[in-house]
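Trainee: mmCIF, C-alpha atoms (C1' of nucleotides), file protein-v9.cif:
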data_coords
#
loop_
_atom_site.label_atom_id
_atom_site.label_comp_id
_atom_site.auth_asym_id
_atom_site.auth_seq_id
_atom_site.Cartn_x
_atom_site.Cartn_y
_atom_site.Cartn_z
CA MET D 5 -84.99 -51.51 -118.32
CA GLN D 6 -85.85 -53.75 -115.36
CA ILE D 7 -83.06 -54.72 -112.95
CA VAL D 8 -83.70 -57.23 -110.16
CA THR D 9 -81.72 -58.37 -107.13
CA TRP D 10 -82.58 -61.65 -105.39
CA ASN D 11 -80.78 -63.60 -102.68
CA VAL D 12 -81.96 -67.08 -103.68
CA ASN D 13 -80.41 -69.03 -100.77
CA SER D 14 -79.04 -71.82 -103.02
CA VAL D 15 -79.62 -71.47 -106.77
CA ARG D 16 -79.99 -75.23 -107.14
CA GLN D 17 -82.69 -75.44 -104.45
CA ARG D 18 -84.46 -72.42 -106.00
CA LEU D 19 -84.08 -73.28 -109.71
CA GLU D 20 -87.78 -73.87 -110.42
CA HIS D 21 -88.73 -70.59 -108.70
CA LEU D 22 -85.99 -68.73 -110.56
CA LEU D 23 -87.00 -70.08 -113.99
CA ALA D 24 -90.66 -69.26 -113.32
CA TYR D 25 -89.70 -65.72 -112.27
CA LEU D 26 -87.60 -65.19 -115.40
CA LYS D 27 -90.50 -66.39 -117.57
CA ASP D 28 -93.15 -64.31 -115.75
CA VAL D 29 -91.29 -61.04 -115.15
CA HIS D 30 -88.58 -61.31 -117.80
CA PRO D 31 -86.24 -58.70 -116.27
CA ASP D 32 -83.45 -57.34 -118.46
CA VAL D 33 -80.93 -57.99 -115.69
CA ILE D 34 -81.08 -60.10 -112.52
CA CYS D 35 -78.44 -60.16 -109.81
CA LEU D 36 -78.33 -63.31 -107.68
CA GLN D 37 -76.70 -63.90 -104.29
CA GLU D 38 -76.03 -66.95 -102.13
CA LEU D 39 -75.66 -69.36 -105.04
CA LYS D 40 -74.01 -71.85 -102.65
CA CYS D 41 -72.32 -73.70 -105.50
CA VAL D 42 -69.19 -73.64 -107.63
CA ASP D 43 -69.27 -72.26 -111.20
CA GLU D 44 -69.43 -75.77 -112.71
CA ALA D 45 -72.58 -76.61 -110.72
CA PHE D 46 -74.47 -73.45 -111.74
CA PRO D 47 -77.59 -74.36 -113.80
CA ARG D 48 -76.36 -72.42 -116.81
CA ALA D 49 -78.09 -74.41 -119.55
CA GLU D 50 -81.59 -74.05 -118.11
CA ILE D 51 -81.15 -70.28 -117.72
CA GLU D 52 -79.54 -69.77 -121.13
CA ALA D 53 -82.48 -71.63 -122.65
CA LEU D 54 -84.67 -68.70 -121.52
CA GLY D 55 -82.48 -66.22 -123.41
CA TYR D 56 -80.12 -65.08 -120.64
CA ASN D 57 -76.37 -64.60 -120.66
CA CYS D 58 -74.77 -65.71 -117.36
CA ALA D 59 -71.71 -64.45 -115.50
CA VAL D 60 -71.06 -66.53 -112.38
CA HIS D 61 -68.69 -66.05 -109.45
CA GLY D 62 -69.37 -69.15 -107.36
CA GLN D 63 -67.92 -70.74 -104.24
CA LYS D 64 -68.24 -74.18 -102.68
CA GLY D 65 -70.93 -74.43 -99.99
CA PHE D 66 -71.76 -70.78 -99.37
CA ASN D 67 -71.64 -67.24 -100.82
CA GLY D 68 -71.57 -67.00 -104.64
CA VAL D 69 -73.01 -64.26 -106.88
CA ALA D 70 -74.13 -64.06 -110.50
CA ILE D 71 -75.45 -61.59 -113.05
CA LEU D 72 -77.89 -62.71 -115.75
CA SER D 73 -78.78 -60.40 -118.64
CA THR D 74 -80.73 -60.68 -121.85
CA ARG D 75 -78.00 -58.63 -123.54
CA PRO D 76 -74.36 -59.73 -123.70
CA PHE D 77 -72.09 -57.76 -121.34
CA ASP D 78 -68.57 -57.26 -120.00
CA VAL D 79 -67.87 -58.61 -116.51
CA GLU D 80 -65.42 -58.23 -113.59
CA ARG D 81 -65.31 -60.63 -110.63
CA GLY D 82 -64.40 -59.72 -107.05
CA LEU D 83 -64.39 -56.53 -104.97
CA PRO D 84 -61.06 -54.67 -105.28
CA GLY D 85 -58.99 -53.78 -102.23
CA ASP D 86 -57.95 -57.08 -100.59
CA GLU D 87 -56.16 -59.77 -102.57
CA SER D 88 -56.36 -62.16 -99.60
CA ASP D 89 -60.21 -62.14 -99.50
CA VAL D 90 -61.38 -65.45 -100.98
CA HIS D 91 -65.15 -64.96 -100.47
CA SER D 92 -67.18 -64.73 -103.72
CA ARG D 93 -69.35 -61.72 -102.87
CA TYR D 94 -69.07 -59.26 -105.76
CA ILE D 95 -69.50 -59.28 -109.53
CA GLU D 96 -69.92 -56.31 -111.83
CA ALA D 97 -71.27 -55.93 -115.37
CA VAL D 98 -71.37 -53.18 -117.97
CA ILE D 99 -74.52 -53.69 -119.97
CA PRO D 100 -75.00 -51.84 -123.25
CA ASP D 101 -78.36 -50.10 -123.60
CA GLU D 102 -80.09 -47.33 -125.51
CA HIS D 103 -78.39 -44.72 -123.27
CA GLY D 104 -74.92 -46.13 -123.93
CA ALA D 105 -74.42 -48.48 -120.98
CA THR D 106 -75.55 -49.20 -117.44
CA ARG D 107 -73.01 -50.49 -114.92
CA VAL D 108 -74.44 -53.00 -112.43
CA GLY D 109 -72.58 -54.11 -109.30
CA CYS D 110 -74.08 -57.23 -107.68
CA LEU D 111 -73.03 -57.66 -104.05
CA TYR D 112 -73.48 -59.96 -101.08
CA LEU D 113 -72.25 -57.96 -98.11
CA PRO D 114 -71.05 -60.06 -95.14
CA ASN D 115 -73.60 -60.70 -92.39
CA GLY D 116 -71.07 -59.88 -89.65
CA ASN D 117 -72.68 -61.70 -86.73
CA PRO D 118 -71.86 -62.12 -83.99
CA ALA D 119 -70.74 -58.55 -83.39
CA GLY D 120 -67.48 -58.23 -81.47
CA THR D 121 -65.80 -61.02 -83.44
CA GLU D 122 -63.58 -61.13 -86.51
CA LYS D 123 -66.76 -61.62 -88.53
CA TYR D 124 -67.90 -58.11 -87.70
CA THR D 125 -64.42 -56.71 -88.38
CA TYR D 126 -64.56 -58.37 -91.80
CA LYS D 127 -67.97 -56.83 -92.49
CA LEU D 128 -66.80 -53.31 -91.66
CA ALA D 129 -63.62 -53.75 -93.72
CA TRP D 130 -65.69 -55.04 -96.64
CA MET D 131 -67.95 -51.98 -96.37
CA ASP D 132 -64.88 -49.72 -96.45
CA ARG D 133 -63.73 -51.47 -99.63
CA LEU D 134 -67.22 -51.07 -101.14
CA ILE D 135 -67.20 -47.34 -100.31
CA ARG D 136 -63.80 -46.91 -101.97
CA HIS D 137 -64.90 -48.86 -105.04
CA ALA D 138 -68.17 -46.91 -105.33
CA GLN D 139 -66.21 -43.68 -105.04
CA HIS D 140 -64.07 -44.81 -107.96
CA LEU D 141 -67.03 -45.92 -110.10
CA LEU D 142 -68.82 -42.61 -109.54
CA THR D 143 -65.94 -40.78 -111.24
CA TYR D 144 -67.14 -42.37 -114.50
CA GLU D 145 -70.31 -40.22 -114.26
CA GLU D 146 -72.45 -42.94 -115.83
CA ALA D 147 -75.59 -44.84 -114.87
CA LEU D 148 -74.51 -47.07 -111.96
CA VAL D 149 -76.68 -49.50 -109.99
CA LEU D 150 -75.14 -51.08 -106.87
CA THR D 151 -77.59 -53.74 -105.85
CA GLY D 152 -77.78 -56.87 -103.75
CA ASP D 153 -78.04 -58.20 -100.23
CA PHE D 154 -76.40 -55.45 -98.15
CA ASN D 155 -77.15 -57.10 -94.79
CA VAL D 156 -77.88 -53.59 -93.51
CA ILE D 157 -81.13 -52.35 -91.94
CA PRO D 158 -80.70 -48.65 -92.76
CA GLU D 159 -83.32 -47.12 -90.42
CA PRO D 160 -85.70 -48.21 -87.62
CA GLN D 161 -88.67 -48.14 -90.03
CA ASP D 162 -86.90 -50.86 -92.05
CA ALA D 163 -87.63 -53.47 -89.34
CA LYS D 164 -90.93 -54.63 -87.86
CA ASP D 165 -89.35 -54.65 -84.39
CA PRO D 166 -86.15 -52.54 -84.31
CA SER D 167 -85.54 -53.31 -80.63
CA GLN D 168 -84.93 -56.94 -81.60
CA TRP D 169 -81.97 -55.86 -83.79
CA MET D 170 -80.16 -53.37 -81.53
CA GLN D 171 -77.15 -55.65 -80.87
CA ASP D 172 -77.19 -57.20 -84.32
CA ALA D 173 -74.48 -56.65 -86.94
CA LEU D 174 -77.20 -55.68 -89.44
CA PHE D 175 -78.34 -52.69 -87.36
CA LEU D 176 -75.44 -51.59 -85.13
CA PRO D 177 -74.63 -47.85 -85.30
CA GLN D 178 -71.28 -48.50 -87.03
CA THR D 179 -72.98 -50.58 -89.72
CA ARG D 180 -75.59 -47.91 -90.37
CA GLN D 181 -72.95 -45.20 -90.33
CA LYS D 182 -70.98 -46.92 -93.10
CA PHE D 183 -74.17 -47.38 -95.12
CA ARG D 184 -74.81 -43.64 -94.81
CA GLN D 185 -71.22 -42.99 -95.93
CA LEU D 186 -72.01 -44.95 -99.06
CA LEU D 187 -75.20 -42.95 -99.68
CA ASN D 188 -73.39 -39.69 -98.98
CA LEU D 189 -71.06 -40.32 -101.92
CA GLY D 190 -74.10 -39.34 -103.97
CA LEU D 191 -76.06 -42.58 -104.26
CA THR D 192 -79.86 -42.80 -104.03
CA ASP D 193 -81.65 -45.61 -102.17
CA ALA D 194 -84.15 -46.49 -104.93
CA LEU D 195 -86.92 -47.76 -102.63
CA ARG D 196 -86.76 -44.66 -100.42
CA ALA D 197 -86.86 -42.44 -103.52
CA VAL D 198 -90.37 -43.70 -104.24
CA SER D 199 -91.81 -44.49 -100.78
CA ASP D 200 -91.42 -43.50 -97.13
CA GLU D 201 -93.79 -46.23 -95.95
CA ALA D 202 -92.84 -48.46 -93.05
CA GLY D 203 -93.43 -52.21 -93.32
CA LEU D 204 -91.62 -52.67 -96.64
CA TYR D 205 -89.34 -55.68 -96.15
CA THR D 206 -87.23 -57.98 -98.33
CA PHE D 207 -86.35 -60.70 -95.77
CA TRP D 208 -88.33 -62.75 -93.29
CA ASP D 209 -86.73 -65.44 -91.15
CA TYR D 210 -87.80 -69.04 -91.73
CA GLN D 211 -88.43 -69.44 -88.00
CA ALA D 212 -91.41 -68.72 -85.77
CA GLY D 213 -93.82 -67.76 -88.57
CA ALA D 214 -91.96 -64.53 -89.29
CA PHE D 215 -93.57 -63.99 -92.72
CA GLN D 216 -97.10 -64.67 -91.48
CA ARG D 217 -96.53 -62.04 -88.79
CA ASN D 218 -94.75 -59.71 -91.26
CA ASN D 219 -91.80 -59.74 -88.86
CA GLY D 220 -89.35 -58.71 -91.59
CA ILE D 221 -86.44 -56.43 -92.37
CA ARG D 222 -85.39 -54.41 -95.43
CA ILE D 223 -81.81 -55.44 -96.22
CA ASP D 224 -81.78 -55.88 -100.01
CA HIS D 225 -81.19 -52.57 -101.72
CA ALA D 226 -80.56 -50.82 -105.03
CA LEU D 227 -78.35 -47.73 -104.83
CA LEU D 228 -78.27 -45.45 -107.87
CA SER D 229 -75.85 -42.88 -109.23
CA GLY D 230 -77.40 -39.56 -110.29
CA GLN D 231 -77.43 -40.67 -113.92
CA ALA D 232 -79.39 -43.81 -112.95
CA ALA D 233 -81.64 -42.08 -110.39
CA ASP D 234 -82.73 -39.58 -113.06
CA ARG D 235 -84.08 -42.55 -115.04
CA LEU D 236 -85.85 -44.27 -112.10
CA ALA D 237 -89.49 -45.02 -112.96
CA SER D 238 -90.59 -47.54 -110.32
CA VAL D 239 -89.49 -49.90 -107.55
CA CYS D 240 -91.24 -53.12 -106.58
CA ILE D 241 -90.69 -55.72 -103.87
CA ASP D 242 -92.00 -59.05 -105.20
CA ARG D 243 -93.11 -60.21 -101.76
CA SER D 244 -95.61 -62.81 -103.02
CA LEU D 245 -92.67 -65.14 -103.71
CA ARG D 246 -92.12 -65.50 -99.97
CA ALA D 247 -95.44 -67.37 -99.75
CA ALA D 248 -94.38 -70.06 -102.28
CA GLU D 249 -93.53 -73.67 -101.42
CA LYS D 250 -89.89 -73.90 -100.30
CA PRO D 251 -89.18 -70.19 -100.77
CA SER D 252 -85.95 -68.30 -100.32
CA ASP D 253 -86.00 -66.25 -97.12
CA HIS D 254 -85.40 -63.16 -99.32
CA VAL D 255 -87.69 -61.85 -102.11
CA PRO D 256 -86.70 -60.02 -105.31
CA LEU D 257 -86.33 -56.24 -105.35
CA ARG D 258 -87.06 -54.90 -108.85
CA ILE D 259 -86.39 -51.45 -110.25
CA THR D 260 -87.38 -50.00 -113.61
CA LEU D 261 -85.20 -47.38 -115.30
CA ASN D 262 -86.53 -45.44 -118.30
"C1'" DA P 15 -87.01 -67.74 -71.23
"C1'" DT P 16 -86.15 -70.54 -74.93
"C1'" DG P 17 -86.29 -72.21 -79.47
"C1'" DA P 18 -88.06 -71.87 -83.36
"C1'" DC P 19 -85.81 -73.18 -90.04
"C1'" DT P 20 -82.94 -74.05 -94.18
"C1'" DT P 21 -78.87 -75.31 -96.72
"C1'" DG P 22 -74.31 -77.62 -97.78
"C1'" DC P 23 -71.42 -81.25 -96.77
"C1'" DG P 24 -71.60 -85.91 -96.83
"C1'" DC P 25 -73.66 -89.63 -93.95
"C1'" DG P 26 -73.22 -87.24 -88.34
"C1'" DG P 27 -74.23 -83.46 -86.69
"C1'" DC P 28 -72.01 -78.96 -87.44
"C1'" DA P 29 -71.32 -74.21 -89.68
"C1'" DA P 30 -73.56 -70.39 -91.62
"C1'" DG P 31 -77.19 -67.64 -92.30
"C1'" DA P 32 -79.86 -62.92 -90.34
#
Translate the structure described by the file into structure tokens.

Mentor:
Amino acid sequence: MQIVTWNVNSVRQRLEHLLAYLKDVHPDVICLQELKCVDEAFPRAEIEALGYNCAVHGQKGFNGVAILSTRPFDVERGLPGDESDVHSRYIEAVIPDEHGATRVGCLYLPNGNPAGTEKYTYKLAWMDRLIRHAQHLLTYEEALVLTGDFNVIPEPQDAKDPSQWMQDALFLPQTRQKFRQLLNLGLTDALRAVSDEAGLYTFWDYQAGAFQRNNGIRIDHALLSGQAADRLASVCIDRSLRAAEKPSDHVPLRITLN
DNA sequence: ATGACTTGCGCGGCAAGA
């Protein structure tokens, strides 16, 4: 079973790339972030024509997440814990498979910049809610994959130039501490389960030739419960997509579970 | 030292991203 996460930075701008990816790779499940459109504007027909079921949690202008799956599934929209939060940043699916089911949480964690503002407060509060929700989901003792754009650089080796990120909401000690809290619930960072290499990134800024200089960061992640980690066969960053015409600034992260 | 892209909204430059 292949499960992908990809921040597409506007699903309508990236539709041709997305359709080509679905045709080429044909993942069982793909989690999308930064749709930047409302549900009604999501290109559902084109995606369904390739054999995918779509669950969309959109928002006008920014944010927006979706889960696409070849198999039909049950879905929940929104991250529990704050009724007043109107950002569309979380959607969750239970996908039946040969092991019973795999639960997939697709998330777009707030950026949080600039630090020292209400934006950073919101990020930390959102991370606390994610920790609480993960804690709850882990009590089910089933295969769980929490995947998406975490906007967290976990360790110095996850950035080409860590010194450039010291004051950034993606790399501040409090941000990394909360990410470790999440891992310490018993989740496995899929990429780090298969490789300790430096230089493995999922995002490169559009500016100043960042991709050409491999000036990237690893901020898109897949975190696995024990039941999912036991089935982990491989992890791949599809970095060639960053070299396409009009690319997203993120590339897909793809895991395979037996 | 600074600015450097891209997108949505909507038609003029911002906000937001990371």

Trainee: Identify the residues around (-82.1, -71.4, -87.8) within a radius of 10 Å, measuring from all atoms listed in the file in the coordinates stated by the file, and give them as a count of residues only.

Mentor: 11

Trainee: What is the CA of Gln171 (chain D) to CA of Glu122 (chain D) distance in Å?

Mentor: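 Answer for the CA of Gln171 (chain D) to CA of Glu122 (chain D) separation: 15.7 Å.
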
Trainee: I'd like to see the residues matched by the PyMOL selection byres ((chain P and resi 23) around 9) on this file, and ideally I'd get them as a list in words.

Mentor: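 Answer for the PyMOL selection byres ((chain P and resi 23) around 9): Gly65 of chain D; DG22 and DG24 of chain P.
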
Trainee: Which one is closest to Val79 (chain D): D:Glu96, D:Glu145, D:Asp234, D:Glu201? Count all atoms listed in the file.

Mentor: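 Among D:Glu96, D:Glu145, D:Asp234, D:Glu201, it is D:Glu96 that comes nearest to Val79 (chain D).
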
Trainee: Go through D:Arg81, D:Arg196, D:Arg222, D:Arg133 and flag the residue nearest Phe175 (chain D), using all atoms listed in the file for the distances.

Mentor: D:Arg222
